[in-house]
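Undergrad: Mind having a look at this structure? Questions to follow.
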Amino acid sequence: MRPALALILRAALSVAAVAVAATGALAQTTMAQTPPAPTAELGPRIGTPIPHSLAAVDQSGAARDFEALTGPNGMALYFIRSVDWCPYCKNQTLTVDAARREFEKRGVSVVFVSYDAHEVQSAFAKLRDVKVTLLSDPKSEIIDAFGLRNQTHKDGRFAGIPHPAVFYVKPDGVIAAKLYEEDYLTNDKSYRQRPEVAAVLEAIDHSR
């Protein structure tokens, strides 16, 4: 799995062209490169405030917001597709939850946002003994505020899911780091790639 801030998919092609002058054997070689694959920055820029207060209910049905959720040194904010049907999201949530003490040692809380109803999140949390906060965003209002909605899915079950992303947000609400797959526009399997806990912790350590 690729570490911090993901990798931009690039391709380069060298083309040799030989031109022979009418009077002699003068050869010239030129090099040409293909442009990089299309990419676009995902979500708010680093150094800007979060665009939503995170006012929502958690897996227990309790009302929460950024002020109530953030740790002394900020928050690791994960956007995932679903803890109901997405195995990659479930695995990521469990992996991060198992390492939550590493975040706590840094004074950083951990919050996951998905479009799942809080009852769905509650069932998953109880079944797998998940301790990190799961925020329910059933209308994808937080997802849309962060500009993460996957526009490929306009209707049906997957409408409203985000492109997975992780933000480190400081206690004042300013985004200090973010991690996501930068080829998300061209790679329809990019959702399978999730940053390892070590990469997120490294981004936090470098941004505090």
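Identifiers in the structure tokens: chain A, B, ... in order shown; residue index from 1 per chain; ligand index from 1 in order shown.
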Show which residues sit within 12 Å of Arg128 (chain A), as a list in words. Count only C-alpha atoms, and ignore same-chain residues fewer than 5 positions away.
TA: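 Neighbouring residues, sequence-local ones excluded: Val83, Lys90, Asn91, Thr93, Leu94, Thr95, Asp97, Ala98, Gln121, Ser122 and Ala123 of chain A.
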Undergrad: Restrict the selected residues to C-alpha atoms and save them as a short mmCIF file (atom, residue, chain, number, x, y, z; two decimals), in the first residue's frame.
TA:
```cif
data_model
loop_
_atom_site.label_atom_id
_atom_site.label_comp_id
_atom_site.auth_asym_id
_atom_site.auth_seq_id
_atom_site.Cartn_x
_atom_site.Cartn_y
_atom_site.Cartn_z
CA VAL A 83 -19.35 -0.09 7.45
CA LYS A 90 -14.66 -2.24 7.64
CA ASN A 91 -11.04 -3.38 7.61
CA THR A 93 -12.02 1.03 10.68
CA LEU A 94 -10.95 -2.05 12.63
CA THR A 95 -7.26 -1.46 11.90
CA ASP A 97 -9.51 1.24 16.08
CA ALA A 98 -6.90 -1.32 17.11
CA GLN A 121 -22.96 1.96 12.61
CA SER A 122 -24.14 0.90 16.07
CA ALA A 123 -24.63 -2.70 14.97
#
```
Undergrad: Could you write out, as a list in words, all the residues of region 100-163 of chain A that DSSP marks as strand (DSSP E)?
TA: Ser109, Val110, Val111, Phe112, Val113, Ser114, Thr133, Leu134, Leu135 and Ser136 of chain A
Undergrad: How would the residues just chosen look if you wrote them out with N, CA and C atoms as a PDB file, in the first residue's frame?
TA:
```
ATOM      1  N   SER A 109      -7.970  12.750  18.592  1.00  0.00           N
ATOM      2  CA  SER A 109      -9.137  11.880  18.535  1.00  0.00           C
ATOM      3  C   SER A 109      -9.276  11.273  17.139  1.00  0.00           C
ATOM      4  N   VAL A 110     -10.067  10.220  17.033  1.00  0.00           N
ATOM      5  CA  VAL A 110     -10.300   9.543  15.756  1.00  0.00           C
ATOM      6  C   VAL A 110     -11.797   9.507  15.491  1.00  0.00           C
ATOM      7  N   VAL A 111     -12.180  10.012  14.315  1.00  0.00           N
ATOM      8  CA  VAL A 111     -13.593  10.071  13.940  1.00  0.00           C
ATOM      9  C   VAL A 111     -13.749   9.555  12.517  1.00  0.00           C
ATOM     10  N   PHE A 112     -14.723   8.668  12.318  1.00  0.00           N
ATOM     11  CA  PHE A 112     -15.051   8.161  10.991  1.00  0.00           C
ATOM     12  C   PHE A 112     -16.411   8.718  10.575  1.00  0.00           C
ATOM     13  N   VAL A 113     -16.503   9.143   9.320  1.00  0.00           N
ATOM     14  CA  VAL A 113     -17.761   9.616   8.759  1.00  0.00           C
ATOM     15  C   VAL A 113     -18.160   8.706   7.611  1.00  0.00           C
ATOM     16  N   SER A 114     -19.404   8.239   7.627  1.00  0.00           N
ATOM     17  CA  SER A 114     -19.952   7.483   6.496  1.00  0.00           C
ATOM     18  C   SER A 114     -21.410   7.860   6.322  1.00  0.00           C
ATOM     19  N   THR A 133     -15.101   6.910  17.279  1.00  0.00           N
ATOM     20  CA  THR A 133     -16.392   7.515  16.962  1.00  0.00           C
ATOM     21  C   THR A 133     -16.758   7.303  15.505  1.00  0.00           C
ATOM     22  N   LEU A 134     -17.998   6.883  15.271  1.00  0.00           N
ATOM     23  CA  LEU A 134     -18.551   6.764  13.925  1.00  0.00           C
ATOM     24  C   LEU A 134     -19.654   7.804  13.807  1.00  0.00           C
ATOM     25  N   LEU A 135     -19.518   8.734  12.878  1.00  0.00           N
ATOM     26  CA  LEU A 135     -20.533   9.766  12.672  1.00  0.00           C
ATOM     27  C   LEU A 135     -21.415   9.397  11.490  1.00  0.00           C
ATOM     28  N   SER A 136     -22.716   9.541  11.684  1.00  0.00           N
ATOM     29  CA  SER A 136     -23.681   9.199  10.648  1.00  0.00           C
ATOM     30  C   SER A 136     -24.024  10.433   9.813  1.00  0.00           C
TER      31      SER A 136
END
```
Undergrad: If we count only C-alpha atoms, what is near Arg64 (chain A) at a cut-off of 9 Å, once residues fewer than 4 positions away on the same chain are taken out, given as a ChimeraX atom specification?
TA: /A:54-58,68-69,135
Undergrad: With N, CA and C atoms retained, export the selected residues as a compact mmCIF listing (two decimals), in the first residue's frame.
TA:
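Okay, this is what ended up in out-v7.txt:
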```txt
# COMPACT_ATOMS: atom_id res chain seq x y z
N LEU A 54 -19.28 19.29 11.63
CA LEU A 54 -19.41 17.87 11.96
C LEU A 54 -20.58 17.60 12.91
N ALA A 55 -21.53 18.51 12.93
CA ALA A 55 -22.72 18.28 13.75
C ALA A 55 -23.50 17.10 13.17
N ALA A 56 -23.58 16.04 13.95
CA ALA A 56 -24.22 14.79 13.50
C ALA A 56 -24.39 13.90 14.71
N VAL A 57 -25.03 12.77 14.52
CA VAL A 57 -25.14 11.80 15.61
C VAL A 57 -24.12 10.69 15.42
N ASP A 58 -23.64 10.16 16.54
CA ASP A 58 -22.67 9.08 16.47
C ASP A 58 -23.38 7.73 16.51
N ALA A 68 -16.91 19.06 20.37
CA ALA A 68 -17.08 18.00 21.35
C ALA A 68 -16.17 16.80 21.06
N LEU A 69 -15.80 16.64 19.82
CA LEU A 69 -15.08 15.44 19.40
C LEU A 69 -13.57 15.59 19.35
N LEU A 135 -19.52 8.73 12.88
CA LEU A 135 -20.53 9.77 12.67
C LEU A 135 -21.42 9.40 11.49
```
Undergrad: Quick one: distance from CA of Phe146 (chain A) to CA of Val200 (chain A) in Å, one decimal?
TA: 18.7 Å
Undergrad: When you look at Glu41 (chain A) with a cut-off of 12 Å (counting only C-alpha atoms), what residues show up, excluding the ones that are within fewer than 6 positions of it in the same chain? I need them as a ChimeraX atom specification.
TA: /A:5-6,8,146-148,163,165,178-185
Undergrad: Suppose we keep N, CA and C atoms; can you now write the selection as a short mmCIF file (atom, residue, chain, number, x, y, z; two decimals), in the first residue's frame?
TA:
```
data_model
loop_
_atom_site.label_atom_id
_atom_site.label_comp_id
_atom_site.auth_asym_id
_atom_site.auth_seq_id
_atom_site.Cartn_x
_atom_site.Cartn_y
_atom_site.Cartn_z
N LEU A 5 -0.05 10.76 1.30
CA LEU A 5 -0.51 11.60 0.19
C LEU A 5 -0.57 10.87 -1.13
N ALA A 6 -0.44 9.55 -1.09
CA ALA A 6 -0.62 8.70 -2.26
C ALA A 6 0.33 9.06 -3.37
N ILE A 8 0.90 9.95 -7.56
CA ILE A 8 0.28 10.36 -8.81
C ILE A 8 0.76 9.42 -9.91
N PHE A 146 -17.31 18.72 2.31
CA PHE A 146 -15.88 18.48 2.11
C PHE A 146 -15.53 18.23 0.64
N GLY A 147 -16.53 18.19 -0.24
CA GLY A 147 -16.28 17.98 -1.65
C GLY A 147 -15.79 16.59 -1.99
N LEU A 148 -16.27 15.60 -1.27
CA LEU A 148 -15.76 14.23 -1.43
C LEU A 148 -16.71 13.29 -2.14
N HIS A 163 -15.35 9.63 -1.85
CA HIS A 163 -14.03 9.07 -2.12
C HIS A 163 -13.32 9.01 -0.77
N ALA A 165 -10.89 9.38 2.22
CA ALA A 165 -9.86 10.39 2.50
C ALA A 165 -9.68 10.49 4.00
N LYS A 178 -3.64 15.90 4.73
CA LYS A 178 -4.67 15.02 4.19
C LYS A 178 -4.02 13.94 3.36
N LEU A 179 -4.67 12.79 3.34
CA LEU A 179 -4.16 11.63 2.62
C LEU A 179 -5.29 11.04 1.80
N TYR A 180 -5.02 10.79 0.53
CA TYR A 180 -6.01 10.16 -0.35
C TYR A 180 -5.29 9.66 -1.59
N GLU A 181 -5.97 8.86 -2.37
CA GLU A 181 -5.40 8.34 -3.61
C GLU A 181 -5.57 9.39 -4.72
N GLU A 182 -4.48 9.93 -5.18
CA GLU A 182 -4.56 11.05 -6.12
C GLU A 182 -4.98 10.64 -7.53
N ASP A 183 -5.04 9.34 -7.79
CA ASP A 183 -5.53 8.89 -9.10
C ASP A 183 -7.01 8.49 -9.03
N TYR A 184 -7.72 9.03 -8.07
CA TYR A 184 -9.11 8.62 -7.86
C TYR A 184 -10.00 8.93 -9.06
N LEU A 185 -9.61 9.89 -9.89
CA LEU A 185 -10.41 10.24 -11.07
C LEU A 185 -10.26 9.21 -12.19
#
```
Undergrad: Would you please work out which residue, of A:Ala40, A:Arg106, A:Gly61, A:Asp116, is nearest to Cys89 (chain A) when using only C-alpha atoms?
TA: A:Asp116
Undergrad: Enter the distance from CA of Arg192 (chain A) to CA of Pro164 (chain A), in Å, rounded to one decimal.
TA: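 A separation of 9.0 Å between them.
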Undergrad: Give me, please, the distance in Å between CA of Ile80 (chain A) and CA of Arg208 (chain A), quoted to one decimal.
TA: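 Atom-to-atom, CA of Ile80 (chain A) to CA of Arg208 (chain A), that is 23.9 Å.
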Undergrad: If we count only C-alpha atoms, what is near Ile175 (chain A) at a cut-off of 9 Å, once residues fewer than 5 positions away on the same chain are taken out, given as a list in words?
TA: Pro44, Arg45, Ile46, Gly47, Thr48, Pro49, Ile50, Phe167, Tyr168, Val169 and Lys170 of chain A
Undergrad: Can you work out which one of A:Gly160, A:Gly173, A:Pro72, A:Pro51 has the shortest atom-to-atom distance to Pro138 (chain A), counting only C-alpha atoms?
TA: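 The shortest atom-to-atom distance to Pro138 (chain A) comes from A:Gly160.
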